[in-house]
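What follows is the content of data-v4.txt, which has compact mmCIF, C-alpha atoms and all ligand atoms:
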# COMPACT_ATOMS: atom_id res chain seq x y z
CA MET F 148 23.54 -5.48 8.35
CA ALA F 149 20.94 -3.61 9.98
CA ILE F 150 18.00 -5.37 11.44
CA SER F 151 18.17 -4.42 15.09
CA SER F 152 17.34 -6.84 17.85
CA VAL F 153 14.49 -6.04 20.20
CA SER F 154 16.75 -4.63 22.89
CA ASP F 155 18.57 -2.17 20.59
CA PRO F 156 17.50 1.47 20.74
CA LEU F 157 15.62 2.63 17.64
CA PRO F 158 18.07 3.41 14.87
CA PRO F 159 17.94 7.09 13.97
CA LEU F 160 16.58 7.74 10.48
CA ASN F 161 19.15 10.46 9.90
CA LYS F 162 22.66 9.09 10.20
CA PRO F 163 24.57 11.38 12.59
CA THR F 164 27.55 11.22 10.23
CA LEU F 165 25.75 13.07 7.42
CA PRO F 166 26.26 16.82 7.07
CA PRO F 167 23.16 18.80 8.07
CA PHE F 168 20.75 20.37 5.62
CA PRO F 169 21.74 24.06 5.33
CA THR F 170 19.74 26.53 7.41
CA THR F 171 20.12 29.37 4.94
CA ILE F 172 18.27 28.20 1.83
CA PRO F 173 14.55 28.62 1.15
CA THR F 174 12.50 25.48 1.72
CA ALA F 175 8.98 24.37 0.89
CA PRO F 176 6.56 25.27 3.71
CA LEU F 177 4.92 21.87 3.94
CA HIS F 178 2.25 21.32 6.56
CA ARG F 179 3.37 18.97 9.30
CA ILE F 180 0.57 16.53 10.07
CA SER F 181 0.65 14.51 13.28
CA LEU F 182 0.07 10.79 12.85
CA SER F 183 -0.73 10.56 16.54
CA LYS F 184 -3.58 13.06 16.14
CA LEU F 185 -4.88 11.39 12.98
CA LEU F 186 -4.93 8.05 14.81
CA SER F 187 -7.05 9.62 17.56
CA HIS F 188 -9.39 11.21 14.97
CA ASP F 189 -8.56 14.77 16.00
CA PRO F 190 -10.96 16.80 13.79
CA ARG F 191 -8.64 19.78 13.45
CA GLU F 192 -5.73 17.62 12.31
CA SER F 193 -8.01 15.81 9.90
CA SER F 194 -9.01 19.16 8.35
CA ARG F 195 -5.35 20.20 8.13
CA LEU F 196 -4.66 16.97 6.24
CA PHE F 197 -7.48 17.67 3.77
CA THR F 198 -6.21 21.23 3.24
CA ALA F 199 -2.65 19.99 2.64
CA CYS F 200 -3.94 17.47 0.08
CA LYS F 201 -5.87 20.19 -1.78
CA ASP F 202 -3.23 22.95 -1.61
CA LEU F 203 0.02 21.20 -2.43
CA GLY F 204 -0.53 17.45 -2.19
CA PHE F 205 2.75 17.21 -0.24
CA PHE F 206 3.06 17.19 3.55
CA TYR F 207 5.21 15.91 6.40
CA LEU F 208 3.75 13.11 8.46
CA ASP F 209 5.20 13.21 11.98
CA LEU F 210 5.50 9.52 12.81
CA ARG F 211 7.02 9.80 16.27
CA SER F 212 5.53 8.37 19.45
CA THR F 213 3.01 6.15 17.72
CA THR F 214 3.22 2.36 17.38
CA PRO F 215 2.93 2.21 13.56
CA GLY F 216 5.06 5.34 13.14
CA ASP F 217 7.94 4.05 15.28
CA SER F 218 7.77 0.72 13.50
CA LEU F 219 7.90 2.43 10.10
CA LEU F 220 10.83 4.65 11.11
CA ALA F 221 12.77 1.61 12.33
CA ASP F 222 11.99 -0.38 9.17
CA ALA F 223 12.92 2.55 6.92
CA ALA F 224 16.24 3.01 8.74
CA ALA F 225 17.01 -0.70 8.24
CA LEU F 226 15.98 -0.53 4.57
CA PHE F 227 18.42 2.33 3.88
CA ASP F 228 21.19 -0.16 4.70
CA VAL F 229 19.59 -2.96 2.67
CA GLY F 230 19.26 -0.63 -0.33
CA GLU F 231 22.88 0.45 -0.01
CA ASP F 232 24.01 -3.20 0.05
CA PHE F 233 21.91 -3.95 -3.03
CA PHE F 234 23.39 -1.04 -5.01
CA ASN F 235 26.90 -2.23 -4.05
CA LEU F 236 26.34 -5.43 -6.06
CA PRO F 237 28.21 -5.60 -9.38
CA LEU F 238 26.32 -4.00 -12.27
CA GLU F 239 26.03 -7.28 -14.19
CA GLU F 240 24.34 -8.85 -11.14
CA LYS F 241 21.91 -5.91 -10.82
CA MET F 242 21.17 -6.04 -14.56
CA LYS F 243 19.77 -9.55 -14.11
CA TYR F 244 16.83 -7.88 -12.38
CA ASP F 245 16.09 -5.30 -15.09
CA PHE F 246 12.67 -6.53 -16.23
CA SER F 247 11.79 -3.52 -18.40
CA GLY F 248 12.18 -5.77 -21.47
CA GLN F 249 9.26 -7.80 -20.11
CA LYS F 250 7.22 -4.61 -19.71
CA SER F 251 7.46 -4.92 -15.93
CA TYR F 252 8.08 -1.87 -13.83
CA PHE F 253 9.46 -3.94 -10.95
CA GLY F 254 13.16 -4.68 -10.56
CA TYR F 255 16.25 -2.68 -11.45
CA LYS F 256 16.59 0.54 -13.42
CA GLY F 257 20.22 1.30 -14.17
CA PHE F 258 21.93 4.69 -13.89
CA GLY F 259 21.15 6.89 -16.90
CA THR F 260 18.64 4.51 -18.45
CA ALA F 261 15.64 6.83 -18.31
CA VAL F 262 15.15 10.30 -19.74
CA ILE F 263 14.33 13.39 -17.72
CA ASP F 264 13.11 15.81 -20.37
CA ARG F 265 11.81 16.06 -23.91
CA LYS F 266 15.35 16.43 -25.29
CA GLY F 267 16.15 12.93 -24.08
CA THR F 268 18.64 13.95 -21.35
CA ARG F 269 19.58 10.90 -19.27
CA ASP F 270 18.75 10.63 -15.57
CA ARG F 271 21.47 10.15 -12.97
CA ASN F 272 20.16 7.66 -10.49
CA GLU F 273 19.49 3.96 -9.99
CA PHE F 274 16.26 2.39 -8.71
CA TYR F 275 15.27 -0.98 -7.41
CA ASN F 276 11.51 -1.56 -7.29
CA ILE F 277 10.11 -4.35 -5.12
CA SER F 278 6.54 -5.46 -5.72
CA LYS F 279 4.04 -5.70 -2.87
CA ASN F 280 2.36 -8.60 -4.72
CA ASP F 281 5.64 -10.46 -4.65
CA ILE F 282 6.56 -9.87 -0.98
CA LEU F 283 3.04 -10.71 0.23
CA ALA F 284 2.97 -13.81 -2.04
CA LEU F 285 -0.05 -12.58 -4.00
CA SER F 286 1.74 -13.40 -7.27
CA PRO F 287 4.46 -15.88 -8.35
CA PRO F 288 7.86 -14.80 -6.98
CA LEU F 289 10.00 -12.59 -9.19
CA PRO F 290 13.72 -13.39 -9.43
CA SER F 291 15.43 -11.68 -6.48
CA PRO F 292 19.08 -11.18 -5.56
CA HIS F 293 20.16 -13.55 -2.78
CA LEU F 294 21.08 -10.71 -0.51
CA LEU F 295 17.46 -9.51 -0.36
CA LEU F 296 15.91 -12.86 0.58
CA PRO F 297 16.66 -12.62 4.34
CA HIS F 298 15.04 -9.18 4.32
CA HIS F 299 11.62 -10.28 3.08
CA PRO F 300 10.17 -10.13 6.64
CA LEU F 301 11.48 -6.56 6.96
CA LEU F 302 10.04 -5.62 3.55
CA SER F 303 6.75 -7.24 4.49
CA SER F 304 6.62 -5.26 7.73
CA PHE F 305 7.44 -1.99 5.92
CA ILE F 306 4.79 -2.69 3.27
CA ARG F 307 2.07 -3.59 5.79
CA THR F 308 2.72 -0.59 8.00
CA SER F 309 2.93 1.81 5.05
CA HIS F 310 -0.31 0.36 3.76
CA THR F 311 -1.97 0.79 7.17
CA LEU F 312 -1.00 4.47 7.12
CA VAL F 313 -2.26 4.84 3.55
CA HIS F 314 -5.62 3.45 4.66
CA LEU F 315 -5.74 5.85 7.60
CA LEU F 316 -5.05 8.80 5.27
CA LEU F 317 -7.63 7.52 2.77
CA SER F 318 -10.24 7.15 5.50
CA HIS F 319 -9.79 10.78 6.58
CA LEU F 320 -9.97 11.93 2.95
CA ASN F 321 -13.00 9.72 2.32
CA THR F 322 -14.84 11.48 5.14
CA HIS F 323 -13.98 14.98 3.91
CA LEU F 324 -15.01 14.03 0.39
CA ARG F 325 -18.33 12.73 1.79
CA LEU F 326 -17.98 9.48 -0.09
CA PRO F 327 -19.83 6.35 1.02
CA PRO F 328 -17.86 4.65 3.82
CA SER F 329 -14.55 3.04 2.75
CA THR F 330 -14.91 3.99 -0.93
CA LEU F 331 -11.26 4.99 -1.31
CA GLN F 332 -9.96 2.21 0.95
CA ASN F 333 -11.81 -0.38 -1.15
CA LEU F 334 -9.86 0.68 -4.24
CA HIS F 335 -6.63 -0.10 -2.35
CA ARG F 336 -7.02 -3.40 -0.50
CA LEU F 337 -3.80 -4.89 0.83
CA HIS F 338 -4.39 -8.44 -0.35
CA HIS F 339 -5.49 -7.56 -3.87
CA LEU F 340 -3.13 -7.30 -6.82
CA SER F 341 -1.78 -3.80 -7.36
CA GLY F 342 1.31 -1.99 -8.54
CA ASP F 343 2.29 -1.03 -4.97
CA GLN F 344 6.02 -1.11 -4.57
CA VAL F 345 8.95 -0.32 -2.35
CA ARG F 346 11.66 1.64 -4.15
CA PHE F 347 15.31 2.08 -3.23
CA VAL F 348 16.92 5.08 -4.96
CA LYS F 349 20.61 5.92 -5.22
CA ALA F 350 22.17 9.04 -6.74
CA PRO F 351 25.97 9.44 -6.50
CA PRO F 352 27.55 12.81 -5.65
CA GLN F 353 27.57 15.18 -8.57
CA ASP F 354 30.60 16.85 -10.10
CA PRO F 355 30.14 20.64 -9.62
CA SER F 356 30.32 21.04 -13.43
CA ASP F 357 27.39 18.63 -13.81
CA SER F 358 24.15 20.45 -13.10
CA ARG F 359 21.94 17.65 -14.38
CA THR F 360 18.79 16.85 -12.48
CA ALA F 361 19.04 13.38 -10.92
CA LEU F 362 15.37 12.59 -11.38
CA GLY F 363 13.37 14.70 -13.80
CA GLU F 364 10.28 16.66 -12.90
CA HIS F 365 7.22 14.46 -12.61
CA THR F 366 4.10 13.74 -10.66
CA ASP F 367 3.71 10.28 -9.13
CA PHE F 368 1.14 8.23 -10.98
CA GLY F 369 -0.26 6.17 -8.10
CA SER F 370 -2.38 7.19 -5.13
CA ILE F 371 -0.15 7.95 -2.11
CA THR F 372 3.64 7.99 -1.81
CA ILE F 373 5.46 7.69 1.53
CA LEU F 374 9.02 8.90 1.15
CA PHE F 375 12.03 8.73 3.44
CA ASN F 376 14.94 11.09 2.75
CA ARG F 377 18.08 11.68 4.79
CA LEU F 378 19.64 14.24 2.50
CA GLY F 379 18.11 17.17 0.67
CA GLY F 380 17.72 17.10 -3.09
CA LEU F 381 13.97 16.66 -3.44
CA GLN F 382 12.35 19.82 -4.77
CA VAL F 383 8.73 20.79 -5.37
CA LEU F 384 7.34 23.48 -7.66
CA PRO F 385 4.64 25.27 -5.66
CA PRO F 386 1.50 26.44 -7.50
CA GLY F 387 1.34 29.95 -8.90
CA GLU F 388 2.56 31.95 -11.87
CA ASN F 389 6.08 32.86 -10.80
CA ALA F 390 6.76 29.91 -8.55
CA GLU F 391 10.28 28.54 -8.30
CA TRP F 392 11.57 25.11 -7.41
CA VAL F 393 12.23 24.80 -3.66
CA TYR F 394 13.96 22.12 -1.62
CA VAL F 395 12.04 19.98 0.83
CA ARG F 396 14.04 19.73 4.06
CA PRO F 397 14.09 16.14 5.36
CA LEU F 398 12.89 15.96 8.98
CA GLU F 399 14.03 13.23 11.32
CA GLY F 400 10.98 11.40 12.63
CA ASP F 401 8.81 12.37 9.65
CA ALA F 402 7.96 10.85 6.31
CA ILE F 403 7.31 13.10 3.32
CA VAL F 404 3.94 12.11 1.92
CA ASN F 405 2.55 13.09 -1.46
CA LEU F 406 -0.50 12.31 -3.52
CA GLY F 407 -0.26 10.89 -7.01
CA ASP F 408 -2.29 11.31 -10.19
CA ALA F 409 -4.78 8.57 -9.27
CA MET F 410 -6.08 10.73 -6.40
CA VAL F 411 -6.47 13.64 -8.80
CA LYS F 412 -8.50 11.45 -11.14
CA PHE F 413 -10.62 9.97 -8.35
CA THR F 414 -11.51 13.46 -7.10
CA ASN F 415 -11.79 15.13 -10.50
CA GLY F 416 -8.97 17.53 -9.74
CA LEU F 417 -9.94 18.51 -6.20
CA LEU F 418 -6.87 16.92 -4.64
CA ARG F 419 -3.45 17.77 -5.98
CA SER F 420 -0.53 15.69 -7.22
CA ASN F 421 2.34 18.14 -7.32
CA LEU F 422 5.34 18.33 -9.62
CA HIS F 423 8.62 17.34 -8.00
CA ARG F 424 12.15 16.41 -9.01
CA VAL F 425 15.50 15.50 -7.45
CA VAL F 426 18.60 17.64 -7.85
CA ALA F 427 21.99 17.57 -6.08
CA PRO F 428 21.77 17.84 -2.28
CA PRO F 429 22.32 21.44 -1.13
CA GLY F 430 25.30 23.08 0.61
CA GLY F 431 27.55 20.82 2.64
CA GLN F 432 25.53 17.75 1.64
CA LYS F 433 26.63 18.04 -1.99
CA GLY F 434 29.47 15.51 -1.77
CA GLU F 435 27.27 12.74 -0.34
CA THR F 436 25.68 9.78 -2.06
CA ARG F 437 21.94 10.20 -1.77
CA PHE F 438 19.65 7.29 -0.95
CA SER F 439 15.87 7.25 -0.61
CA VAL F 440 13.43 4.60 0.56
CA VAL F 441 9.92 4.96 -0.82
CA TYR F 442 6.55 3.21 -0.62
CA PHE F 443 4.32 3.79 -3.63
CA ASN F 444 0.69 2.93 -3.09
CA ARG F 445 -1.39 2.46 -6.23
CA PRO F 446 -4.99 1.56 -7.01
CA GLU F 447 -5.74 -2.14 -7.39
CA ASP F 448 -5.05 -3.54 -10.85
CA GLU F 449 -8.79 -3.87 -11.49
CA VAL F 450 -9.14 -0.09 -11.26
CA LEU F 451 -8.41 1.10 -14.77
CA LEU F 452 -5.89 3.89 -15.19
CA ARG F 453 -3.63 4.43 -18.17
CA ARG F 454 -0.10 3.08 -17.74
CA ARG F 455 2.68 5.50 -18.55
CA ALA F 456 5.57 4.63 -16.29
CA LEU F 457 7.72 2.86 -18.87
CA GLY F 458 7.37 5.57 -21.50
CA LYS F 459 10.45 7.38 -20.19
CA ARG F 460 12.84 4.44 -20.49
CA VAL F 461 15.66 4.88 -23.00
CA GLY F 462 14.87 2.72 -26.04
CA VAL F 463 11.13 3.11 -25.52
CA PHE F 464 11.21 6.91 -25.28
CA ARG F 465 10.48 8.98 -28.43
CA GLU F 466 10.48 12.77 -28.38
CA GLU F 467 7.01 12.99 -29.87
CA GLU F 468 5.81 10.73 -27.05
CA TRP F 469 7.07 13.01 -24.23
CA GLU F 470 3.76 14.77 -23.72
CA ARG F 471 1.95 11.45 -23.41
CA GLY F 472 4.27 10.41 -20.60
CA LEU F 473 3.37 13.42 -18.48
CA GLY F 474 1.09 13.20 -15.49
CA THR F 475 -1.60 15.57 -14.34
CA GLU F 476 0.75 18.58 -14.45
CA ARG F 477 -1.62 20.39 -16.76
CA VAL F 478 -4.86 19.64 -14.92
CA GLY F 479 -6.47 22.96 -14.13
CA GLY F 480 -3.75 24.81 -16.04
CA ARG F 481 -1.69 25.04 -12.89
CA LEU F 482 1.83 24.66 -14.27
O1 LIG Y 501 14.29 10.37 -4.01
C1 LIG Y 501 13.41 11.19 -3.74
O2 LIG Y 501 13.53 11.98 -2.80
C2 LIG Y 501 12.15 11.27 -4.57
C3 LIG Y 501 11.96 10.11 -5.48
C4 LIG Y 501 10.74 10.27 -6.34
O3 LIG Y 501 10.14 11.30 -6.47
C5 LIG Y 501 10.24 9.10 -7.08
O4 LIG Y 501 10.94 8.06 -7.09
O5 LIG Y 501 9.12 9.18 -7.66
FE FE Y 502 8.18 10.98 -7.32

What does this structure look like when you write it as structure tokens?
Amino acid sequence: MAISSVSDPLPPLNKPTLPPFPTTIPTAPLHRISLSKLLSHDPRESSRLFTACKDLGFFYLDLRSTTPGDSLLADAAALFDVGEDFFNLPLEEKMKYDFSGQKSYFGYKGFGTAVIDRKGTRDRNEFYNISKNDILALSPPLPSPHLLLPHHPLLSSFIRTSHTLVHLLLSHLNTHLRLPPSTLQNLHRLHHLSGDQVRFVKAPPQDPSDSRTALGEHTDFGSITILFNRLGGLQVLPPGENAEWVYVRPLEGDAIVNLGDAMVKFTNGLLRSNLHRVVAPPGGQKGETRFSVVYFNRPEDEVLLRRRALGKRVGVFREEEWERGLGTERVGGRL
């Protein structure tokens, strides 16, 4: 189990044993924003960030050679192993943490228990969502599998560092938007109740005859998502009439960051929350089990936004409700 001691070298985010992402397929041309430059308030990098948030709402954040970035990379690498151990628990154990019946979005979502389109096609992945409120003891503890308890300090570190980076990004955006100081940051305070969560995702390898999407097309409904991928599979649909889905190549040393619908609402459509989905990893990665580690930042609970996350769960889902479960995909007619 993977928490390294101080003297260990940093664990690489990309396991050397995984087959590489193919060099021959088209990929999304995401801007690569340097955390180091954002930390030193480099004006050009700050403008590049603002542009990336307006144009696509998805970018790479190069975390290397910075104190918070190296810490986040190390925590994410350790959490890949924790997530894998969690998913290896027996299904009946994992099902004890499915709280969807209590209208909670935290906890376990089993394989195939959500729908990915209006026809009701089932997804093909598992999630485990861990609440920031819970790990930072802002709310009464939720039931948790024993194997996760020793990792609460690691989860707390990952949450705090992710949140620090979210605040840095928000402060740059706040300046470009010419809002009164700290307006955006004050909607996302660390020690206030919010739906922020860490998510572990697992999708098993896909039979070649099974072309199902693992996670259906969607926009994220929070503010800022920080995503760690080792394998391809994530795709974005760039803006424009004849756009096609393209893979996002995972980069070692970088997080993939995207804005969610809350940022679109806060800025009346100026910033973009882009459609994305997860399909089978490409090329030689196809036979691998795909794991992701994600931090979802959301506005504080006091900030009113319509809840829609549970509308896609099987049992709750109704075809006529599909449209209501969509995000800001149609804002500005940009589908
Ligand atoms: O697993 C991924 O790469 C993306 C996951 C995602 O988009 C989500 O959980 O909202
Ligand atoms: Fe997403």

So which residues are near ligand LIG 501 (chain Y), meaning at most 7 Å away with only C-alpha atoms and all ligand atoms counted, given back as a short mmCIF file (atom, residue, chain, number, x, y, z; two decimals) with C-alpha atoms, in the coordinates of the input?
data_model
loop_
_atom_site.label_atom_id
_atom_site.label_comp_id
_atom_site.auth_asym_id
_atom_site.auth_seq_id
_atom_site.Cartn_x
_atom_site.Cartn_y
_atom_site.Cartn_z
CA VAL F 348 16.92 5.08 -4.96
CA ASP F 367 3.71 10.28 -9.13
CA LEU F 374 9.02 8.90 1.15
CA ASN F 376 14.94 11.09 2.75
CA GLY F 380 17.72 17.10 -3.09
CA LEU F 381 13.97 16.66 -3.44
CA HIS F 423 8.62 17.34 -8.00
CA ARG F 424 12.15 16.41 -9.01
CA VAL F 425 15.50 15.50 -7.45
CA PHE F 438 19.65 7.29 -0.95
CA SER F 439 15.87 7.25 -0.61
#

Stretch 186-214 of chain F residues near stretch 391-412 of chain F within 12 Å, closest pair each, using all atoms listed in the file, as a Markdown table:
| residue | atom | partner | partner_atom | distance |
| --- | --- | --- | --- | --- |
| F:Leu196 | CA | F:Val404 | CA | 10.8 |
| F:Phe197 | CA | F:Leu406 | CA | 11.4 |
| F:Ala199 | CA | F:Asn405 | CA | 9.6 |
| F:Cys200 | CA | F:Leu406 | CA | 7.2 |
| F:Lys201 | CA | F:Val411 | CA | 9.6 |
| F:Asp202 | CA | F:Leu406 | CA | 11.1 |
| F:Leu203 | CA | F:Asn405 | CA | 8.6 |
| F:Gly204 | CA | F:Leu406 | CA | 5.3 |
| F:Phe205 | CA | F:Asn405 | CA | 4.3 |
| F:Phe206 | CA | F:Val404 | CA | 5.4 |
| F:Tyr207 | CA | F:Ile403 | CA | 4.7 |
| F:Leu208 | CA | F:Ala402 | CA | 5.2 |
| F:Asp209 | CA | F:Asp401 | CA | 4.4 |
| F:Leu210 | CA | F:Asp401 | CA | 5.4 |
| F:Arg211 | CA | F:Gly400 | CA | 5.6 |
| F:Ser212 | CA | F:Gly400 | CA | 9.2 |
| F:Thr213 | CA | F:Gly400 | CA | 10.8 |

Tell me, as a tab-separated table (two decimals) with C-alpha atoms, keeping the file's coordinate frame, which residues lie within 10 Å of F:Met242, counting all atoms listed in the file; anything in the same chain fewer than 4 positions away does not count.
chain	number	residue	atom	x	y	z
F	236	LEU	CA	26.34	-5.43	-6.06
F	237	PRO	CA	28.21	-5.60	-9.38
F	238	LEU	CA	26.32	-4.00	-12.27
F	246	PHE	CA	12.67	-6.53	-16.23
F	254	GLY	CA	13.16	-4.68	-10.56
F	255	TYR	CA	16.25	-2.68	-11.45
F	256	LYS	CA	16.59	0.54	-13.42
F	257	GLY	CA	20.22	1.30	-14.17

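Using all atoms listed in the file, the nearest neighbour of ligand FE 502 (chain Y) within the list F:His365, F:Arg437, F:Arg377, F:Arg195 is F:His365.
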
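You will find atom CA of F:Ser370 at 10.7 Å from atom CA of F:Leu418.
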
(request) Calculate how many Å separate atom CA of F:Thr414 from atom CA of F:Gln332, rounding to one decimal. (result)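 Atom CA of F:Gln332 lies 13.9 Å from atom CA of F:Thr414.
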
Is it possible to get the axis-aligned box enclosing stretch 361-364 of chain F (all listed atoms, 6 Å extra per side) as JSON, with centre and edge lengths in Å rounded to one decimal?
{"center_x": 14.7, "center_y": 14.6, "center_z": -12.4, "size_x": 20.8, "size_y": 16.1, "size_z": 14.9}

(message) Can you pull out the residues contacting F:Pro446? Cut-off 12 Å, using all atoms listed in the file, and skip same-chain residues under 3 positions away; I want them as number ranges by chain.
(response) F: 310, 313-314, 317, 330-337, 339-344, 368-372, 407-410, 412-413, 443, 449-454

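Take atom CA of F:Ala221 and atom CA of F:His298: the distance between them is 13.6 Å.
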
(message) Just checking: using only C-alpha atoms, which residue out of F:Pro351, F:Pro215, F:Gly431, F:Pro386 ends up closest to F:Pro167?
(response)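 Nearest candidate to F:Pro167 out of F:Pro351, F:Pro215, F:Gly431, F:Pro386: F:Gly431.
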
(message) For a quick check of understanding, using all atoms listed in the file, which of F:Pro328, F:Gly363, F:Pro290, F:Pro355 has the smallest distance to ligand FE 502 (chain Y)?
(response)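 Answer, going by the shortest atom-to-atom distance: F:Gly363.
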
(message) Neighbouring residues of F:Asp232 were defined as those with any atom within 10 Å, considering only C-alpha atoms; residues of the same chain fewer than 5 positions away were excluded. Please report them as a list in words.
(response)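 Once the adjacent positions are removed, what remains is Met148, Leu226, Phe227, Leu294 and Leu295 of chain F.
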
(request) Name the closest residue to ligand FE 502 (chain Y) among the candidates F:Ile282, F:Val383, F:Leu417, F:Ala390; distances are taken between atoms, counting only C-alpha atoms and all ligand atoms. (result) F:Val383

(message) Give me the residues near F:Ser193 as JSON, numbers by chain, where near means some atom within 12 Å (using only C-alpha atoms) and where sequence neighbours in that chain fewer than 4 positions away do not count.
(response) {"F": [179, 180, 181, 182, 183, 184, 185, 186, 187, 188, 189, 197, 198, 199, 200, 315, 316, 317, 318, 319, 320, 321, 322, 323, 324]}

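In this comparison, which uses all atoms listed in the file, the residue of F:Leu285, F:Ala224, F:Arg419, F:Ala361 approaching F:Phe258 most closely is F:Ala361.
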
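The shortest atom-to-atom distance to ligand FE 502 (chain Y), with only C-alpha atoms and all ligand atoms taken into account, belongs to F:Glu364 out of F:Glu364, F:Asp222, F:Glu388, F:Asp245.
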